[in-house]
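Peer 1: Sharing run.cif here; it has mmCIF, C-alpha atoms and all ligand atoms.
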```cif
data_entry
loop_
_atom_site.label_atom_id
_atom_site.label_comp_id
_atom_site.auth_asym_id
_atom_site.auth_seq_id
_atom_site.Cartn_x
_atom_site.Cartn_y
_atom_site.Cartn_z
CA MET X 1171 115.53 120.15 166.55
CA ARG X 1172 112.56 118.48 164.83
CA LEU X 1173 111.77 121.80 163.06
CA ARG X 1174 115.34 121.99 161.72
CA TRP X 1175 115.01 118.48 160.15
CA CYS X 1176 111.66 119.47 158.58
CA VAL X 1177 113.19 122.61 157.02
CA LEU X 1178 116.14 120.55 155.70
CA LEU X 1179 113.80 117.96 154.20
CA ALA X 1180 111.70 120.71 152.58
CA PHE X 1181 114.85 122.19 150.96
CA LEU X 1182 115.93 118.76 149.73
CA LEU X 1183 112.54 118.11 148.10
CA LEU X 1184 112.55 121.58 146.53
CA GLY X 1185 116.02 120.90 145.10
CA VAL X 1186 114.86 117.62 143.53
CA GLY X 1187 111.83 119.40 142.03
CA VAL X 1188 113.98 122.16 140.52
CA GLY X 1189 116.35 119.48 139.18
CA TRP X 1190 113.47 117.75 137.42
CA PHE X 1191 112.17 121.00 136.07
CA LEU X 1192 115.45 122.10 134.57
CA GLY X 1193 116.20 118.64 133.22
CA TRP X 1194 119.36 118.20 135.33
CA LEU X 1195 118.36 114.76 136.51
CA PRO X 1196 118.47 111.81 134.08
CA TRP X 1197 115.05 110.45 135.15
CA ASP X 1198 113.14 113.43 133.79
CA PRO X 1199 109.38 112.89 134.25
CA LEU X 1200 108.67 115.52 131.57
CA ALA X 1201 110.86 113.85 128.94
CA SER X 1202 107.98 112.90 126.65
CA ALA X 1203 106.73 116.50 126.66
CA SER X 1204 109.85 117.61 124.85
CA ALA X 1205 110.45 114.47 122.77
CA PRO X 1206 111.29 115.31 119.16
CA ALA X 1207 109.37 113.69 116.29
CA THR X 1208 112.39 111.54 115.47
CA PRO X 1209 115.15 110.23 117.72
CA GLN X 1210 118.03 112.51 118.63
CA GLY X 1211 121.35 111.94 116.96
CA ALA X 1212 119.88 110.84 113.65
CA GLY X 1213 121.81 113.74 112.04
CA GLU X 1214 121.27 114.06 108.30
CA GLN X 1215 118.88 111.12 108.42
CA ALA X 1216 116.40 112.88 110.69
CA GLY X 1217 112.96 113.69 109.36
CA GLU X 1218 111.18 116.99 109.73
CA GLN X 1219 111.50 118.51 113.18
CA ALA X 1220 108.67 120.06 115.13
CA THR X 1221 109.24 123.53 116.47
CA GLN X 1222 106.10 124.01 118.55
CA VAL X 1223 105.15 121.38 121.07
CA THR X 1224 102.70 122.42 123.71
CA ARG X 1225 101.15 119.30 125.21
CA VAL X 1226 101.89 115.65 124.56
CA LYS X 1227 99.00 113.23 124.28
CA GLN X 1228 99.50 110.02 126.26
CA ARG X 1229 97.97 106.64 125.37
CA ARG X 1230 95.22 105.61 127.77
CA GLY X 1231 94.21 102.17 126.44
CA GLY X 1232 90.72 100.87 125.81
CA LEU X 1233 90.77 101.73 122.10
CA ALA X 1234 87.88 100.18 120.14
CA LEU X 1235 87.21 102.08 116.97
CA THR X 1236 85.77 101.44 113.52
CA LEU X 1237 86.50 103.77 110.62
CA LEU X 1238 85.82 103.75 106.91
CA ALA X 1239 88.13 105.06 104.21
CA VAL X 1240 87.64 105.79 100.53
CA ALA X 1241 89.10 108.10 97.88
CA ASP X 1242 88.34 109.63 94.49
CA THR X 1243 84.64 110.32 94.89
CA HIS X 1244 84.88 112.64 91.83
CA ILE X 1245 81.59 114.43 92.39
CA GLY X 1246 80.72 116.28 89.19
CA PHE X 1247 81.73 113.46 86.85
CA GLY X 1248 78.97 112.68 84.36
CA ALA X 1249 76.65 115.38 85.70
CA PRO X 1250 75.96 118.73 84.01
CA GLU X 1251 76.01 121.71 86.37
CA ILE X 1252 72.44 122.74 87.15
CA PRO X 1253 72.56 125.46 89.82
CA GLY X 1254 70.40 124.76 92.83
CA ARG X 1255 69.83 121.05 92.05
CA ASP X 1256 69.65 118.87 95.16
CA PRO X 1257 71.75 115.73 94.47
CA LEU X 1258 69.91 113.86 97.23
CA ILE X 1259 66.61 114.34 95.38
CA GLU X 1260 67.80 114.34 91.74
CA PRO X 1261 71.16 112.46 91.68
CA MET X 1262 73.08 112.45 88.40
CA GLY X 1263 76.20 110.71 87.01
CA ILE X 1264 78.69 109.57 89.64
CA GLU X 1265 76.49 110.94 92.43
CA ARG X 1266 74.40 107.78 92.09
CA THR X 1267 77.39 105.53 92.76
CA ASN X 1268 78.44 107.72 95.68
CA LEU X 1269 74.95 107.52 97.17
CA ALA X 1270 74.92 103.72 96.77
CA MET X 1271 78.30 103.64 98.53
CA ILE X 1272 77.05 105.88 101.36
CA ASP X 1273 73.96 103.70 101.74
CA SER X 1274 76.26 100.70 102.16
CA MET X 1275 78.45 102.61 104.65
CA ASN X 1276 75.42 103.63 106.69
CA THR X 1277 74.30 100.01 106.98
CA ILE X 1278 77.62 98.12 107.16
CA ALA X 1279 77.48 97.81 110.98
CA GLY X 1280 76.58 94.25 111.97
CA MET X 1281 78.00 92.64 108.83
CA ASN X 1282 80.43 89.75 109.35
CA TYR X 1283 84.05 90.49 108.48
CA PRO X 1284 85.67 88.07 105.99
CA ALA X 1285 85.68 84.64 107.69
CA PRO X 1286 89.50 84.50 108.22
CA LEU X 1287 89.32 87.70 110.30
CA GLY X 1288 86.23 86.90 112.35
CA GLY X 1289 83.96 89.32 114.17
CA ARG X 1290 81.35 91.81 113.04
CA VAL X 1291 81.68 95.36 111.80
CA GLN X 1292 80.89 97.85 114.57
CA THR X 1293 79.24 101.23 113.99
CA PRO X 1294 81.75 103.45 112.15
CA ARG X 1295 82.85 106.60 113.93
CA ALA X 1296 84.17 108.44 110.88
CA LEU X 1297 84.82 108.36 107.15
CA LEU X 1298 88.22 109.39 105.76
CA VAL X 1299 88.31 110.55 102.13
CA ALA X 1300 91.75 110.64 100.51
CA GLY X 1301 91.37 113.24 97.79
CA ASP X 1302 89.78 113.87 94.40
CA LEU X 1303 86.57 114.71 96.16
CA THR X 1304 85.38 116.43 92.97
CA GLU X 1305 86.00 116.04 89.24
CA VAL X 1306 87.32 119.57 88.61
CA GLY X 1307 86.79 121.46 91.87
CA GLY X 1308 85.10 124.84 92.03
CA GLN X 1309 82.17 126.17 94.00
CA GLU X 1310 79.34 124.14 92.45
CA GLN X 1311 81.01 120.72 92.69
CA TRP X 1312 82.01 121.49 96.26
CA ARG X 1313 78.39 122.41 97.04
CA LEU X 1314 77.27 119.05 95.66
CA TRP X 1315 80.00 117.18 97.56
CA THR X 1316 79.08 118.72 100.91
CA ARG X 1317 75.36 118.18 100.25
CA ILE X 1318 76.06 114.46 99.76
CA PHE X 1319 78.76 113.86 102.40
CA GLY X 1320 77.88 116.58 104.93
CA LEU X 1321 80.34 117.18 107.77
CA THR X 1322 79.15 115.89 111.14
CA GLY X 1323 76.83 113.10 110.00
CA LYS X 1324 73.71 115.25 110.04
CA GLU X 1325 73.87 117.50 106.97
CA GLY X 1326 74.07 115.04 104.05
CA ALA X 1327 73.39 111.40 103.24
CA LEU X 1328 76.28 110.07 105.37
CA LYS X 1329 75.35 109.22 108.97
CA PHE X 1330 78.70 109.88 110.61
CA PRO X 1331 81.42 112.55 110.49
CA VAL X 1332 83.63 112.90 107.43
CA PHE X 1333 87.28 114.01 107.39
CA GLU X 1334 88.33 114.76 103.84
CA GLY X 1335 91.51 115.88 102.13
CA ALA X 1336 91.86 117.27 98.60
CA GLY X 1337 93.42 115.62 95.54
CA ASN X 1338 94.90 116.82 92.25
CA HIS X 1339 91.49 116.96 90.53
CA ASP X 1340 90.16 119.32 93.20
CA ARG X 1341 92.49 122.06 91.97
CA ASN X 1342 91.67 121.76 88.23
CA LYS X 1343 89.53 124.88 88.34
CA ASN X 1344 90.82 126.83 91.34
CA TRP X 1345 91.71 126.46 95.03
CA HIS X 1346 88.14 126.64 96.33
CA VAL X 1347 87.94 123.00 97.49
CA ARG X 1348 91.23 123.25 99.41
CA GLU X 1349 90.18 126.51 101.01
CA GLN X 1350 86.88 124.99 102.13
CA VAL X 1351 88.56 121.83 103.50
CA ALA X 1352 90.86 124.11 105.49
CA LYS X 1353 87.87 126.09 106.76
CA ARG X 1354 86.12 122.92 107.93
CA HIS X 1355 89.09 121.21 109.56
CA GLY X 1356 91.52 123.97 110.48
CA GLY X 1357 93.95 123.49 107.59
CA ARG X 1358 94.37 121.51 104.38
CA PHE X 1359 96.89 119.49 106.41
CA TYR X 1360 95.32 118.69 109.77
CA HIS X 1361 95.05 116.11 112.50
CA PHE X 1362 92.44 114.94 114.96
CA ASP X 1363 92.07 112.28 117.63
CA LEU X 1364 89.52 109.51 118.10
CA GLY X 1365 90.22 107.94 121.47
CA ASP X 1366 93.89 106.99 121.58
CA LEU X 1367 94.24 107.11 117.83
CA ARG X 1368 95.74 110.16 116.12
CA LEU X 1369 94.68 110.63 112.48
CA ILE X 1370 96.70 112.90 110.21
CA CYS X 1371 95.35 114.17 106.88
CA LEU X 1372 98.07 115.31 104.47
CA ASP X 1373 96.00 116.62 101.53
CA GLU X 1374 97.37 115.60 98.10
CA GLY X 1375 100.62 114.57 99.76
CA PRO X 1376 102.91 116.22 102.27
CA ASP X 1377 104.91 119.11 100.74
CA ASP X 1378 107.23 121.26 102.91
CA THR X 1379 104.26 122.62 104.88
CA GLY X 1380 102.61 119.20 105.12
CA LEU X 1381 105.79 117.60 106.46
CA LYS X 1382 105.99 120.35 109.07
CA VAL X 1383 102.37 119.76 110.12
CA LEU X 1384 103.08 116.02 110.27
CA ALA X 1385 106.12 116.56 112.49
CA GLU X 1386 104.07 118.80 114.83
CA ALA X 1387 101.25 116.24 114.94
CA LEU X 1388 103.72 113.47 115.81
CA ALA X 1389 105.59 115.54 118.37
CA GLY X 1390 102.23 116.10 120.05
CA VAL X 1391 101.82 112.41 120.92
CA ALA X 1392 103.84 109.96 123.00
CA ALA X 1393 105.79 107.40 120.95
CA ASP X 1394 103.33 104.57 121.72
CA VAL X 1395 100.23 106.48 120.55
CA PRO X 1396 98.88 104.80 117.40
CA VAL X 1397 98.80 106.93 114.26
CA ILE X 1398 97.00 106.69 110.92
CA VAL X 1399 98.10 108.92 108.04
CA TYR X 1400 96.15 109.54 104.83
CA PHE X 1401 96.61 111.54 101.65
CA HIS X 1402 95.88 111.28 97.93
CA TYR X 1403 98.99 110.12 96.04
CA PRO X 1404 100.44 106.56 96.10
CA LEU X 1405 103.90 105.84 97.50
CA LEU X 1406 104.90 102.96 95.22
CA GLY X 1407 103.84 101.40 91.94
CA PRO X 1408 101.52 102.86 89.33
CA TYR X 1409 101.18 106.65 89.20
CA SER X 1410 103.49 107.13 92.18
CA ASP X 1411 106.16 109.22 90.47
CA ASP X 1412 104.57 111.17 87.62
CA HIS X 1413 103.62 114.22 89.70
CA TRP X 1414 105.22 116.79 92.02
CA PHE X 1415 104.95 114.57 95.09
CA GLY X 1416 106.58 111.53 93.48
CA ARG X 1417 109.28 113.52 91.69
CA GLY X 1418 110.50 115.46 94.72
CA ASP X 1419 112.24 114.14 97.81
CA TYR X 1420 108.98 114.22 99.77
CA ARG X 1421 108.61 110.44 100.02
CA GLN X 1422 112.06 110.03 101.54
CA ARG X 1423 111.39 112.87 104.00
CA LEU X 1424 108.00 111.37 104.84
CA ALA X 1425 109.64 108.00 105.57
CA ARG X 1426 112.22 109.63 107.84
CA THR X 1427 109.59 111.63 109.70
CA LEU X 1428 107.48 108.53 110.31
CA GLN X 1429 110.46 106.45 111.41
CA ASN X 1430 110.17 104.95 114.90
CA ARG X 1431 106.57 106.08 115.29
CA ARG X 1432 103.62 103.74 115.84
CA VAL X 1433 102.12 104.13 112.36
CA LEU X 1434 99.31 101.59 111.95
CA GLY X 1435 98.77 102.35 108.29
CA ILE X 1436 98.87 104.87 105.47
CA PHE X 1437 95.75 105.23 103.33
CA HIS X 1438 95.62 106.72 99.83
CA GLY X 1439 93.82 106.76 96.50
CA HIS X 1440 94.56 108.42 93.13
CA TYR X 1441 94.41 105.69 90.49
CA HIS X 1442 91.00 104.23 91.31
CA SER X 1443 92.20 100.78 92.25
CA THR X 1444 92.19 99.01 95.58
CA GLY X 1445 94.87 96.96 97.33
CA ALA X 1446 97.70 97.04 99.83
CA TYR X 1447 101.48 96.95 99.94
CA ARG X 1448 104.40 97.57 102.26
CA TRP X 1449 106.50 100.71 101.92
CA GLN X 1450 109.51 101.49 104.12
CA GLY X 1451 108.28 98.87 106.59
CA LEU X 1452 104.80 100.44 106.79
CA ASP X 1453 101.48 98.98 105.63
CA VAL X 1454 99.86 101.07 102.92
CA TYR X 1455 96.24 100.65 101.86
CA ASN X 1456 94.79 101.89 98.57
CA VAL X 1457 91.11 102.31 99.26
CA GLY X 1458 88.99 102.21 96.10
CA SER X 1459 86.88 104.76 94.26
CA PRO X 1460 83.32 105.16 92.96
CA LYS X 1461 84.85 106.03 89.57
CA HIS X 1462 85.85 103.02 87.40
CA GLY X 1463 85.85 99.34 88.39
CA HIS X 1464 87.03 99.11 92.01
CA LYS X 1465 83.86 100.26 93.72
CA SER X 1466 84.92 99.42 97.24
CA TYR X 1467 85.86 101.17 100.46
CA ALA X 1468 87.99 100.08 103.40
CA VAL X 1469 86.57 99.12 106.76
CA VAL X 1470 89.12 99.62 109.53
CA GLU X 1471 88.92 98.36 113.09
CA VAL X 1472 91.54 99.38 115.62
CA SER X 1473 91.91 98.15 119.18
CA ASP X 1474 94.79 98.26 121.65
CA HIS X 1475 96.07 94.91 120.40
CA SER X 1476 95.03 94.54 116.76
CA MET X 1477 94.00 96.20 113.54
CA LYS X 1478 91.76 94.94 110.75
CA VAL X 1479 91.49 96.49 107.29
CA ALA X 1480 89.15 94.95 104.72
CA ALA X 1481 87.93 96.23 101.34
CA TYR X 1482 84.20 95.88 100.74
CA ASP X 1483 82.71 96.07 97.23
CA TYR X 1484 79.25 97.64 97.63
CA VAL X 1485 78.14 96.78 94.08
CA GLN X 1486 79.13 93.10 94.13
CA LYS X 1487 78.40 92.98 97.87
CA GLN X 1488 81.56 91.06 98.73
CA TRP X 1489 84.85 91.46 100.56
CA ILE X 1490 87.73 91.86 98.08
CA TRP X 1491 90.81 91.69 100.34
CA TRP X 1492 91.63 91.78 104.03
CA HIS X 1493 94.44 92.20 106.52
CA ARG X 1494 94.43 91.60 110.26
CA LYS X 1495 97.57 92.25 112.25
CA PRO X 1496 98.63 92.20 115.88
CA LEU X 1497 99.74 95.50 117.37
CA THR X 1498 101.09 93.96 120.58
CA PRO X 1499 102.27 90.46 121.57
CA GLN X 1500 98.74 89.87 122.93
CA GLY X 1501 97.21 90.58 119.52
CA PRO X 1502 95.86 87.89 117.15
CA GLU X 1503 97.89 86.13 114.49
CA GLU X 1504 98.35 88.06 111.23
CA ARG X 1505 95.93 87.14 108.43
CA ILE X 1506 96.22 88.39 104.87
CA GLY X 1507 93.97 87.40 101.99
CA VAL X 1508 92.30 88.19 98.69
CA ALA X 1509 88.88 86.74 97.77
CA PRO X 1510 89.35 83.64 95.58
CA ASP X 1511 87.87 83.39 92.06
CA LEU X 1512 87.37 87.13 91.66
CA ASP X 1513 86.13 88.46 88.36
CA PRO X 1514 89.39 89.70 86.71
CA GLU X 1515 87.96 93.24 86.67
CA LEU X 1516 87.74 93.18 90.47
CA ARG X 1517 91.26 91.85 91.12
CA PRO X 1518 93.03 94.22 93.53
CA ASP X 1519 96.52 95.65 93.17
CA PHE X 1520 97.70 93.71 96.20
CA ASP X 1521 101.17 92.74 97.42
CA LEU X 1522 101.37 92.14 101.15
CA GLY X 1523 103.05 89.41 103.18
CA GLY X 1524 103.49 87.05 100.24
CA VAL X 1525 99.90 87.43 98.98
CA LYS X 1526 100.03 89.03 95.55
CA THR X 1527 97.43 89.78 92.86
CA GLU X 1528 97.56 92.15 89.94
CA PRO X 1529 94.69 94.14 88.50
CA PRO X 1530 93.60 93.46 84.90
CA TRP X 1531 95.22 96.66 83.59
CA LYS X 1532 98.92 96.88 82.91
CA ARG X 1533 101.11 98.11 85.75
CA GLU X 1534 103.65 100.78 84.89
FE FE X 1601 91.00 110.40 91.01
#
```
Write out the structure in this file as structure tokens.
Peer 2:
Amino acid sequence: MRLRWCVLLAFLLLGVGVGWFLGWLPWDPLASASAPATPQGAGEQAGEQATQVTRVKQRRGGLALTLLAVADTHIGFGAPEIPGRDPLIEPMGIERTNLAMIDSMNTIAGMNYPAPLGGRVQTPRALLVAGDLTEVGGQEQWRLWTRIFGLTGKEGALKFPVFEGAGNHDRNKNWHVREQVAKRHGGRFYHFDLGDLRLICLDEGPDDTGLKVLAEALAGVAADVPVIVYFHYPLLGPYSDDHWFGRGDYRQRLARTLQNRRVLGIFHGHYHSTGAYRWQGLDVYNVGSPKHGHKSYAVVEVSDHSMKVAAYDYVQKQWIWWHRKPLTPQGPEERIGVAPDLDPELRPDFDLGGVKTEPPWKRE
């Protein structure tokens, strides 16, 4: 009699298991593994859809990460091509500014954040570079770029790993820079994880292929996994619509694909300014360039409950603007600011949460 009950119970449990597996039961424990990048039923409004989802990353907590971000390094600008020259020994033109910037990045750990944010900068884990790595692209400028920035933090002047994407300048000569970025990172559009955070590089901007890669990268994480996206072109304001990315429907498709995801920020470059703004409900940070006046980079700190982004000018040795925001109800109060009494040349292109400054040049 007891044996009969055991067999019955075994069949019952097996039935429940098969029900789960085939998705018959409403409380499907595998639901997140097949979750689309955007909610079901969004119809025409849906963003790009992922077709291949293998494993879904779950958030574990305990995130404590510092990153740096910059754009438009323009290696090659102001330097004649002298084959075989080592830019670390004989720097020329914009290489000097890049090396001063890297020196600052290598030693930024321990510095106090702007007073309203509090805390000290921790050792950065990675540098993101949002395009226009070189002035015109090609083999020689790419050689110089990799000699200066390296890859893992051991090959060049930079002391931590670099994750770069290409910009419009990088294709002036040919596609060499893009091909090499793809070789180093697995694609010109690619993603990687640092702890809980998923970082997605979308090259100059997401075209059809980029949007597809973005959808796959988002489908590969649970909805509460924090995401940072970076690419070259701006989304709003100056120089945001005078190129293929701005003229097409890519921005609308990007917005739809990012909808309802935990996007902490979008980082970009292109017009050699620095600042921040809100686009489609998302915070967007323009991160400075060694070319022209805004010689700053962004320092980013992400934890489970908050995010800080602050622009540091390594020539003037001062913070230019900052943003701290809560990511959960336990996070700190939001703080947004721009340094007072800035030299007009250093004024950022900033419009976030009621804090607004305009750079000295005319906006379009
Ligand atoms: Fe540029």
Peer 1: So, with all atoms listed in the file as the atoms that count, which of X:Thr1277, X:Thr1322, X:Ser1459, X:Asn1342 lies closest to ligand FE 1601 (chain X)?
Peer 2: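 Between X:Thr1277, X:Thr1322, X:Ser1459, X:Asn1342, the residue approaching ligand FE 1601 (chain X) most closely is X:Ser1459.
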Peer 1: Chain X near ligand FE 1601 (chain X) within 6 Å: what's each residue's closest atom pair and its distance in Å to one decimal, counting all atoms listed in the file, ordered by chain then ascending residue number, as a Markdown table?
Peer 2:
```
| residue | atom | partner | partner_atom | distance |
| --- | --- | --- | --- | --- |
| X:Asp1242 | CA | X:FE1601 | FE | 4.4 |
| X:Asp1302 | CA | X:FE1601 | FE | 5.0 |
| X:His1440 | CA | X:FE1601 | FE | 4.6 |
| X:Tyr1441 | CA | X:FE1601 | FE | 5.8 |
```
Peer 1: Calculated over all atoms listed in the file, which of the candidates X:Gln1422, X:Leu1405, X:Pro1460, X:Gln1450 has the smallest distance to Glu1305 in chain X?
Peer 2: X:Pro1460
Peer 1: Find the residues near Asn1456 in chain X: any atom within 7 Å, counting all atoms listed in the file, skip ones fewer than 3 places away on the same chain, and give them as a list in words.
Peer 2: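 With the cut-off at 7 Å, the set is Phe1437, His1438, Gly1439, Ser1443, Thr1444, Gly1445 and Ala1446 of chain X.
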Peer 1: So which residues touch range 1350-1355 of chain X within 9 Å, counting all atoms listed in the file, skipping near sequence neighbours fewer than 5 positions away, as a list in words?
Peer 2: Trp1312, Leu1321, Phe1333, Glu1334, Gly1335, Ala1336, Trp1345, Tyr1360, His1361 and Phe1362 of chain X
Peer 1: Please list as an MDAnalysis selection string every residue within 9 Å of Thr1293 in chain X, counting all atoms listed in the file and excluding residues in the same chain fewer than 6 positions away.
Peer 2: chainID X and resid 1235:1237 1276:1280
Peer 1: Please list as a PyMOL selection string every residue within 9 Å of Arg1341 in chain X, counting all atoms listed in the file and excluding residues in the same chain fewer than 3 positions away.
Peer 2: chain X and resi 1302+1306-1308+1336-1338+1344-1348
Peer 1: Select, from X:Asp1273, X:Asp1412, X:Thr1527, X:Thr1221, the residue with the minimum atom-to-atom distance to Val1383 in chain X, counting all atoms listed in the file.
Peer 2: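 For Val1383 in chain X, the nearest of the given residues is X:Thr1221.
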Peer 1: May I ask for the distance between CA of Trp1489 in chain X and CA of Gly1365 in chain X, given in Å to one decimal place?
Peer 2: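 Taking CA of Trp1489 in chain X and CA of Gly1365 in chain X, their separation equals 27.2 Å.
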Peer 1: With N, CA and C atoms as the target, complete range 1336-1361 of chain X and hand it back as a JSON list (two decimals), keeping the file's coordinate frame.
Peer 2:
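Okay, this is what ended up in part-v3.json:
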```
[["chain", "number", "residue", "atom", "x", "y", "z"],
["X", 1336, "ALA", "N", 92.03, 117.01, 100.03],
["X", 1336, "ALA", "CA", 91.86, 117.27, 98.60],
["X", 1336, "ALA", "C", 92.84, 116.44, 97.77],
["X", 1337, "GLY", "N", 92.53, 116.31, 96.48],
["X", 1337, "GLY", "CA", 93.42, 115.62, 95.54],
["X", 1337, "GLY", "C", 93.75, 116.52, 94.36],
["X", 1338, "ASN", "N", 94.50, 115.98, 93.39],
["X", 1338, "ASN", "CA", 94.90, 116.82, 92.25],
["X", 1338, "ASN", "C", 93.71, 117.32, 91.43],
["X", 1339, "HIS", "N", 92.66, 116.51, 91.30],
["X", 1339, "HIS", "CA", 91.49, 116.96, 90.53],
["X", 1339, "HIS", "C", 90.80, 118.15, 91.18],
["X", 1340, "ASP", "N", 90.87, 118.24, 92.49],
["X", 1340, "ASP", "CA", 90.16, 119.32, 93.20],
["X", 1340, "ASP", "C", 90.73, 120.70, 92.91],
["X", 1341, "ARG", "N", 91.92, 120.75, 92.29],
["X", 1341, "ARG", "CA", 92.49, 122.06, 91.97],
["X", 1341, "ARG", "C", 92.47, 122.34, 90.47],
["X", 1342, "ASN", "N", 91.72, 121.53, 89.68],
["X", 1342, "ASN", "CA", 91.67, 121.76, 88.23],
["X", 1342, "ASN", "C", 91.14, 123.14, 87.89],
["X", 1343, "LYS", "N", 90.16, 123.59, 88.65],
["X", 1343, "LYS", "CA", 89.53, 124.88, 88.34],
["X", 1343, "LYS", "C", 90.18, 126.01, 89.14],
["X", 1344, "ASN", "N", 90.24, 125.82, 90.44],
["X", 1344, "ASN", "CA", 90.82, 126.83, 91.34],
["X", 1344, "ASN", "C", 91.08, 126.16, 92.70],
["X", 1345, "TRP", "N", 91.35, 126.99, 93.72],
["X", 1345, "TRP", "CA", 91.71, 126.46, 95.03],
["X", 1345, "TRP", "C", 90.53, 126.41, 95.99],
["X", 1346, "HIS", "N", 89.32, 126.56, 95.47],
["X", 1346, "HIS", "CA", 88.14, 126.64, 96.33],
["X", 1346, "HIS", "C", 88.00, 125.42, 97.25],
["X", 1347, "VAL", "N", 88.15, 124.21, 96.69],
["X", 1347, "VAL", "CA", 87.94, 123.00, 97.49],
["X", 1347, "VAL", "C", 88.94, 122.96, 98.66],
["X", 1348, "ARG", "N", 90.21, 123.25, 98.34],
["X", 1348, "ARG", "CA", 91.23, 123.25, 99.41],
["X", 1348, "ARG", "C", 90.91, 124.28, 100.49],
["X", 1349, "GLU", "N", 90.49, 125.45, 100.03],
["X", 1349, "GLU", "CA", 90.18, 126.51, 101.01],
["X", 1349, "GLU", "C", 89.03, 126.07, 101.93],
["X", 1350, "GLN", "N", 88.05, 125.41, 101.33],
["X", 1350, "GLN", "CA", 86.88, 124.99, 102.13],
["X", 1350, "GLN", "C", 87.24, 123.83, 103.08],
["X", 1351, "VAL", "N", 88.09, 122.91, 102.61],
["X", 1351, "VAL", "CA", 88.56, 121.83, 103.50],
["X", 1351, "VAL", "C", 89.27, 122.46, 104.70],
["X", 1352, "ALA", "N", 90.12, 123.43, 104.41],
["X", 1352, "ALA", "CA", 90.86, 124.11, 105.49],
["X", 1352, "ALA", "C", 89.91, 124.79, 106.45],
["X", 1353, "LYS", "N", 88.85, 125.40, 105.92],
["X", 1353, "LYS", "CA", 87.87, 126.09, 106.76],
["X", 1353, "LYS", "C", 87.15, 125.09, 107.68],
["X", 1354, "ARG", "N", 86.87, 123.91, 107.14],
["X", 1354, "ARG", "CA", 86.12, 122.92, 107.93],
["X", 1354, "ARG", "C", 86.98, 122.23, 108.99],
["X", 1355, "HIS", "N", 88.28, 122.05, 108.68],
["X", 1355, "HIS", "CA", 89.09, 121.21, 109.56],
["X", 1355, "HIS", "C", 90.30, 121.93, 110.16],
["X", 1356, "GLY", "N", 90.43, 123.21, 109.86],
["X", 1356, "GLY", "CA", 91.52, 123.97, 110.48],
["X", 1356, "GLY", "C", 92.78, 124.01, 109.65],
["X", 1357, "GLY", "N", 92.77, 123.46, 108.46],
["X", 1357, "GLY", "CA", 93.95, 123.49, 107.59],
["X", 1357, "GLY", "C", 93.78, 122.43, 106.52],
["X", 1358, "ARG", "N", 94.48, 122.59, 105.37],
["X", 1358, "ARG", "CA", 94.37, 121.51, 104.38],
["X", 1358, "ARG", "C", 95.19, 120.31, 104.84],
["X", 1359, "PHE", "N", 96.22, 120.56, 105.66],
["X", 1359, "PHE", "CA", 96.89, 119.49, 106.41],
["X", 1359, "PHE", "C", 96.36, 119.62, 107.84],
["X", 1360, "TYR", "N", 95.87, 118.57, 108.41],
["X", 1360, "TYR", "CA", 95.32, 118.69, 109.77],
["X", 1360, "TYR", "C", 95.36, 117.34, 110.47],
["X", 1361, "HIS", "N", 95.14, 117.38, 111.77],
["X", 1361, "HIS", "CA", 95.05, 116.11, 112.50],
["X", 1361, "HIS", "C", 93.94, 116.18, 113.53]]
```
